[in-house]
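Note sheet for the following structure.
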There are 2 protein chains.
Amino acid sequence: MRRYALFTLFAFLIASRAFADSGMWTFQEFPHGLLKSEHGADVSSAWLERVRTATIRLSNCTASFVSAQGLILTNHHCAEACLDENSSAQRNLLSEGFLARTRDRELKCSTQIADVLMDMENITAKVNAATQGLDDKAANDKRKAVKTELEQQCEQDSRRAKVGPYKCETVDMYQGGQYWLYKYHRYSDVRLVFAPERSIAAFGGDPDNFQFPRWDLDMSVLRAYGADGKPATTPNFLKINPAGPNAGQLVFVSGHPGNTSRLLTVAQLETLRNVILPRWLLRASELRGRLIEIGKSSPEAARIVEDPLNNIENSIKVRRKQLDALLDDRLLDAKRTEEAALRAKVAADPQLAQSIGDPWATIAKAESREADLNLPHVFIEGGAGLGGFPGHLFGYARTLVRAGAERAKPNTERLREYNDAALPRVEQRLLAPVPVHPQLEKLSLSFGLERMREWLGPDAPIVKQLLSKDSPDILAAKLVDGTQLADPAVRKQLWEGGAAAVDASTDPMIVFAREVDAEARAVRKRFEDEVEAPVDAASEQIARARFKVYGTAEPPDANFTLRLNFGTVQGWNENGHEVPPFTHLAQLYERATGEAPFKVPDSWLAAKPQLDMQTRFDLSTNNDIVGGNSGSPLIDVDGHIVGLMFDGNIHSISGDYWYDTELNRAVAVDPQIIFEGLRKVYKASELLRELGAPSE
Amino acid sequence: MRRYALFTLFAFLIASRAFADSGMWTFQEFPHGLLKSEHGADVSSAWLERVRTATIRLSNCTASFVSAQGLILTNHHCAEACLDENSSAQRNLLSEGFLARTRDRELKCSTQIADVLMDMENITAKVNAATQGLDDKAANDKRKAVKTELEQQCEQDSRRAKVGPYKCETVDMYQGGQYWLYKYHRYSDVRLVFAPERSIAAFGGDPDNFQFPRWDLDMSVLRAYGADGKPATTPNFLKINPAGPNAGQLVFVSGHPGNTSRLLTVAQLETLRNVILPRWLLRASELRGRLIEIGKSSPEAARIVEDPLNNIENSIKVRRKQLDALLDDRLLDAKRTEEAALRAKVAADPQLAQSIGDPWATIAKAESREADLNLPHVFIEGGAGLGGFPGHLFGYARTLVRAGAERAKPNTERLREYNDAALPRVEQRLLAPVPVHPQLEKLSLSFGLERMREWLGPDAPIVKQLLSKDSPDILAAKLVDGTQLADPAVRKQLWEGGAAAVDASTDPMIVFAREVDAEARAVRKRFEDEVEAPVDAASEQIARARFKVYGTAEPPDANFTLRLNFGTVQGWNENGHEVPPFTHLAQLYERATGEAPFKVPDSWLAAKPQLDMQTRFDLSTNNDIVGGNSGSPLIDVDGHIVGLMFDGNIHSISGDYWYDTELNRAVAVDPQIIFEGLRKVYKASELLRELGAPSE
């Protein structure tokens, strides 16, 4: 299981899976009664606040503070981009691992952030008041504007009130049944402290991804720094219990599940099944094949493709199992039954029926429009046809072109991702000095253009516009060889020069991004007006019906906001065979073949005589987590960390749509192996001392 | 649209599409009444016999005799493998084209054959008598044995009767509602006479494949030779009408449509939709990406990957649109309605209901078993996990291992593909001196092993057996670098040495094929007993019901046997825009970009001043054809060729499951461009003379 929201530009889909003992609850609506009745336990509001403010949202994952000096525990795969950007042909941190024995050697992760949720404000009434009486399209535009306004106001207030400054983000819960303003403390300076070799962090590689039993030390350690350049002061950290949990023990996961689709209508699920997932999988599978072959051409090429290849293989596995789940008629039949039951209850309440109309029909109609618009939306506005992934250059060019135009407008009239609250992050990503590899850039562009020509057809206007003279390969080479955007200083100049500088630029990638922008914006507007607007309006109505009929007995779908859920340490029964909840170190060496991805790194072979073979390695629980929860702390009732979530079993992927109590399991690294490794393999005495653990 | 049955070993699926004005009729049950009522025309039995014996089944396509000296007209893409095997790093016939100005320069197509259907015998009663009273599994085994027996008897009889010798093949019609014995005259020596450059044969490449309007000279000319090494005598040839057809004209297609699924049950279609097509597409898309990147590594690599890449891109387009069709709920809803109607009619006839039982339920149960067995079946028995495509070496090794074992058994007890009737073709393919490219072989094996490990999981016994020490790359390299099977002489030695030689061989690829054979045979037997046996038995019952209720008013599903259908030359209305049925030469030059795949070859640029720009190029009709019909003659009511079928439009692909009168169209090369090209671009005067056309 890997990072969240990786392919937004590439494909508008979010890595996600779900499992549930009792749902992914918000901290503000945590079901104390349910916890009491199911487990005879409770947690105090002080416990909740401590856990909430010790939990971190990274750009792609979850993490937690584990010392008072800003030390952060998360997964190895959550730090892979950081390891990659700090690597070179001479020094491959992904394969070699990294340990900063002193703080001055900690490495900057230039695109990473660490957000801590400080406050949550319900703004449902404000948003609804703003859109009342408007038609769907106007309401959709207005909703965006009012969200921007509330975010801006929130950030201004927080600066004045000196509680912050906060980063403020509006959040839709229950598909628009509730709107919230989430207020974060943001650390924009995050550095790398420790990562083991990828061969032990992801032992078993893609074949073992989403499998259990496992033997992965999928951990890394980062540190948050303040604006003053000093380690952050984080007294609300969580202490790690080196013994780990016991089988059957009550455990909590605090984290940021990325996305679930449990409350979608049948029509929306059918669009996923019929259109979005199959198309995405076809393109991603080809890209996987291309990356694999490029990686075989040289060791340096292998290094360069490793991070994007790991990402895409993870996402392919997720979406493949999501599609399997949706193709299993039992799932859609169950969803149809649920939907019919809700509709029947609505019909039985004339006042309710009158007030909400037939939002299911509205959505079904909009979904048919979504199917029509999907290809241009993905390829042109989504950037999949223009080199959006795994390359960076087109993304830089589009950001510069759009930011130039948008920053000149009033805040509430901009595309939402360029409003004032969003701009600091846009700037950080744009100017981060991450390496740009021409081979990957050409691949992205050529592949994107080729597939856009295939799927939209050679006679589509955008295809004719771009490829009337050049082949995809030739155009890609011209753009990548001709652009200066790989240089952060050039990007900075254009960013600071604003619209005038961008408009005057003759950089071929900027010219290219300018040439497609009108069409991309037009496609986006069509999508917003004809799909998003009616779906959002109708979803609000369904949420109203759901609240009226069922209350908030179900938690809202995951949306990369902070959630807490509880479960127990347990295995499961796989086709009559009991899978125990813990693995042990001895089994790692038994499973090793000597060849990647089943190769134990030299450090672990050398240290083997010193290691306790009975050390617990990974463990499984029935917590309800999905992608985005990667790196989440597994917490006991005393508020101590007893595990580091990093994956789920294969059955967990269908949890995006429903939870299978029998089979779905979450997978964590056991603290026992974390300490055994830090102590005997990596001899990380300073790190152990900071974690409050003996180094011998 | 490309060759038929290309990926049998790779994936057990057949390229196919369907369109229908009036269905793909067998010659023995041709609906004269329907032709009369729809078009006011008729054809005589002499016409039918002449057309039948002038139509050729190639190994992968259809073709027709166009001179009395064995001259054969078919598509360029049907001869691509022949062009590929006769190419080298120094001489690329795919890109350069080929013309033998004298017969001694005609090039052997070492794996090609030309079969002509001489006789058809209904053996339904014999097969049914043999299986009567047996349970499904025993009946399935017995059915295979009796088919082998009847083929053997037929070949023996034909040698004695001196009408032959014939190649005899049993054929299932109506999913086992009828069994036939088809008797062919086989030419095993087929040579290449002419092929244009691929850039004009497949102008527009993959982007334009299954599109219309088109400008493709998708033709090649072959020649059948007799056993005496002399050109075959073929007085029953079809003359080409150089003027081509007119809009609205009645036209016939005689050919060998590969496969349709119009009579399958809903449960069978669901297996295609949920299991077979998505999985195949994922693997094929990755392979496509790998081939593309390999092809970019050097001009020679580009040459080597061209043929397999063209094949796989064509198949991806076909299956992608097939999946789209099955994901469109309207299709399955219509199939459910049809099925319910037939079941209701059966239920209303107690005697019929009593006699056939509930075959739909039987099939549904077997399909669920098929879904379970699909992965091991595809990867192990199908060879997809063992390097089956695009490599040759594993296929050679398996053939040698199995033929060794099977030839030692009595004819009726063998695997069907190794019975006496099949062996000459097995031997021809095995010993053909086609080039073996180590890079493609390693790709096939490494890719297959990797995906088998991914899909079956690292703990599957076969995966542990093969990859307990080696990575897929290392094992692939060991096998490909170590084997001698690339040498046809080595294969010949092992073939002639039989089981003893194969068992004694230490060739690593032979050892590998031996090591997986027991498991592969076990998987196959499970599949035959648990899927094929109940499905075949139940399908016979459904066919009986269908005959009782509807008669044979519908033609049987396509199965690569000879069919005749009729339609008219016509375009269609695409979203309110009329697509005319003819394209013209002038438009080719307008569409050209100068870059592949929209690059007009130099020969056509040089000849441009001499060419008549109003020459008709390609044309569309509403004939009902699918993959396998490639190369079929389009015939007028006088029995003259007025076109050369090579493709369908994009809507035609859903024709695998149903026919859309409004949108489905077949696409052919117009004789006008064939003669214009031969005359002015290729100056193929000898060929023109043999075609009875003036060369000036």
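Labels used: A, B, ... for chains in the order of the structure tokens, numbers from 1 for residues in each chain, and numbers from 1 for ligands as shown.
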Would you give me, as JSON lines, each residue of chain B having an atom within 6 Å of an atom of chain A, along with its shortest atom pair and that distance in Å to one decimal, using only C-alpha atoms and sorting by chain and residue number?
{"residue": "B:Pro207", "atom": "CA", "partner": "A:Glu454", "partner_atom": "CA", "distance": 5.0}
{"residue": "B:Asn274", "atom": "CA", "partner": "A:Leu327", "partner_atom": "CA", "distance": 5.6}
{"residue": "B:Leu282", "atom": "CA", "partner": "A:Leu282", "partner_atom": "CA", "distance": 5.9}
{"residue": "B:Ser285", "atom": "CA", "partner": "A:Glu286", "partner_atom": "CA", "distance": 4.6}
{"residue": "B:Glu286", "atom": "CA", "partner": "A:Glu286", "partner_atom": "CA", "distance": 4.0}
{"residue": "B:Gly289", "atom": "CA", "partner": "A:Glu286", "partner_atom": "CA", "distance": 4.4}
{"residue": "B:Arg290", "atom": "CA", "partner": "A:Gly289", "partner_atom": "CA", "distance": 4.5}
{"residue": "B:Glu293", "atom": "CA", "partner": "A:Arg290", "partner_atom": "CA", "distance": 5.6}
{"residue": "B:Leu327", "atom": "CA", "partner": "A:Asn274", "partner_atom": "CA", "distance": 5.6}
{"residue": "B:Glu454", "atom": "CA", "partner": "A:Pro207", "partner_atom": "CA", "distance": 5.0}
{"residue": "B:Ser468", "atom": "CA", "partner": "A:Thr593", "partner_atom": "CA", "distance": 5.9}
{"residue": "B:Lys469", "atom": "CA", "partner": "A:Thr593", "partner_atom": "CA", "distance": 5.0}
{"residue": "B:Ser471", "atom": "CA", "partner": "A:Glu595", "partner_atom": "CA", "distance": 5.7}
{"residue": "B:Thr593", "atom": "CA", "partner": "A:Lys469", "partner_atom": "CA", "distance": 5.0}
{"residue": "B:Glu595", "atom": "CA", "partner": "A:Ser471", "partner_atom": "CA", "distance": 5.7}
For this session: Once DSSP has gone over the backbone, tell me which residues of stretch 16-120 of chain A are in helix (DSSP H, G or I), as a ChimeraX atom specification.
Result: /A:32-39,45-54,80-85,93-96,103-105
Please write the residues from the selection above to a file, keeping C-alpha atoms, as a compact mmCIF listing (two decimals), in the first residue's frame.
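part23.txt, written as the output of this step:
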# COMPACT_ATOMS: atom_id res chain seq x y z
CA HIS A 32 -17.71 6.36 22.40
CA GLY A 33 -20.84 4.27 22.90
CA LEU A 34 -19.90 1.83 20.17
CA LEU A 35 -16.37 1.44 21.53
CA LYS A 36 -17.82 0.79 24.97
CA SER A 37 -20.36 -1.74 23.77
CA GLU A 38 -17.98 -3.62 21.48
CA HIS A 39 -14.81 -3.54 23.54
CA SER A 45 -11.11 13.69 25.32
CA ALA A 46 -7.54 14.35 26.49
CA TRP A 47 -6.53 11.05 24.86
CA LEU A 48 -8.29 12.07 21.66
CA GLU A 49 -6.66 15.47 21.59
CA ARG A 50 -3.20 14.09 22.26
CA VAL A 51 -3.56 11.47 19.53
CA ARG A 52 -5.01 14.00 17.09
CA THR A 53 -2.19 16.50 17.58
CA ALA A 54 0.47 13.78 17.46
CA GLU A 80 10.53 7.10 -1.29
CA ALA A 81 10.24 10.34 -3.27
CA CYS A 82 12.55 12.02 -0.75
CA LEU A 83 15.08 9.20 -1.01
CA ASP A 84 14.82 9.41 -4.80
CA GLU A 85 15.35 13.17 -5.00
CA LEU A 93 19.55 5.95 -1.17
CA LEU A 94 16.64 3.74 -2.15
CA SER A 95 18.84 0.70 -2.36
CA GLU A 96 21.48 1.70 0.22
CA ARG A 103 21.10 16.46 12.88
CA ASP A 104 23.16 18.49 10.47
CA ARG A 105 23.25 15.48 8.15
Exercise. Atom CA of A:Ile304 to atom CA of A:Val401: how many Å, to one decimal?
Worked result: 27.6 Å
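The gap separating atom CA of A:Gly567 from atom CA of A:Gly248 is 8.9 Å, in Å to one decimal.
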Exercise. If we count only C-alpha atoms, what is near B:Pro694 at a cut-off of 9 Å, once residues fewer than 4 positions away on the same chain are taken out, given as a ChimeraX atom specification?
Worked result: /B:679,685,688-689
Generate a file of the selected residues that holds N, CA, C and O atoms, formatted as a PDB file, in the first residue's frame.
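To be explicit, this is the file written out as part18.pdb:
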ATOM      1  N   ARG B 679       0.161  -0.909 -61.452  1.00  0.00           N
ATOM      2  CA  ARG B 679       0.525  -0.420 -62.775  1.00  0.00           C
ATOM      3  C   ARG B 679       1.544   0.713 -62.692  1.00  0.00           C
ATOM      4  O   ARG B 679       2.613   0.644 -63.299  1.00  0.00           O
ATOM      5  N   SER B 685       4.327  -5.574 -64.186  1.00  0.00           N
ATOM      6  CA  SER B 685       3.693  -5.959 -65.447  1.00  0.00           C
ATOM      7  C   SER B 685       3.392  -7.453 -65.528  1.00  0.00           C
ATOM      8  O   SER B 685       2.332  -7.846 -66.016  1.00  0.00           O
ATOM      9  N   LEU B 688       0.352  -8.114 -63.387  1.00  0.00           N
ATOM     10  CA  LEU B 688      -0.849  -7.581 -64.035  1.00  0.00           C
ATOM     11  C   LEU B 688      -1.290  -8.503 -65.161  1.00  0.00           C
ATOM     12  O   LEU B 688      -2.481  -8.771 -65.344  1.00  0.00           O
ATOM     13  N   ARG B 689      -0.288  -8.986 -65.927  1.00  0.00           N
ATOM     14  CA  ARG B 689      -0.624  -9.887 -67.031  1.00  0.00           C
ATOM     15  C   ARG B 689      -1.327 -11.130 -66.503  1.00  0.00           C
ATOM     16  O   ARG B 689      -2.341 -11.556 -67.025  1.00  0.00           O
TER      17      ARG B 689
END
Seminar exercise, completed: Here atom CA of A:Lys144 and atom CA of A:Thr412 stand apart by 7.7 Å
Problem set entry | Contacts of A:Phe394 within 9 Å, only C-alpha atoms, excl. fewer than 2 positions in-chain, as an MDAnalysis selection string | chainID A and resid 383 386:389 391:392 396:399 441 445 509:510 512:513
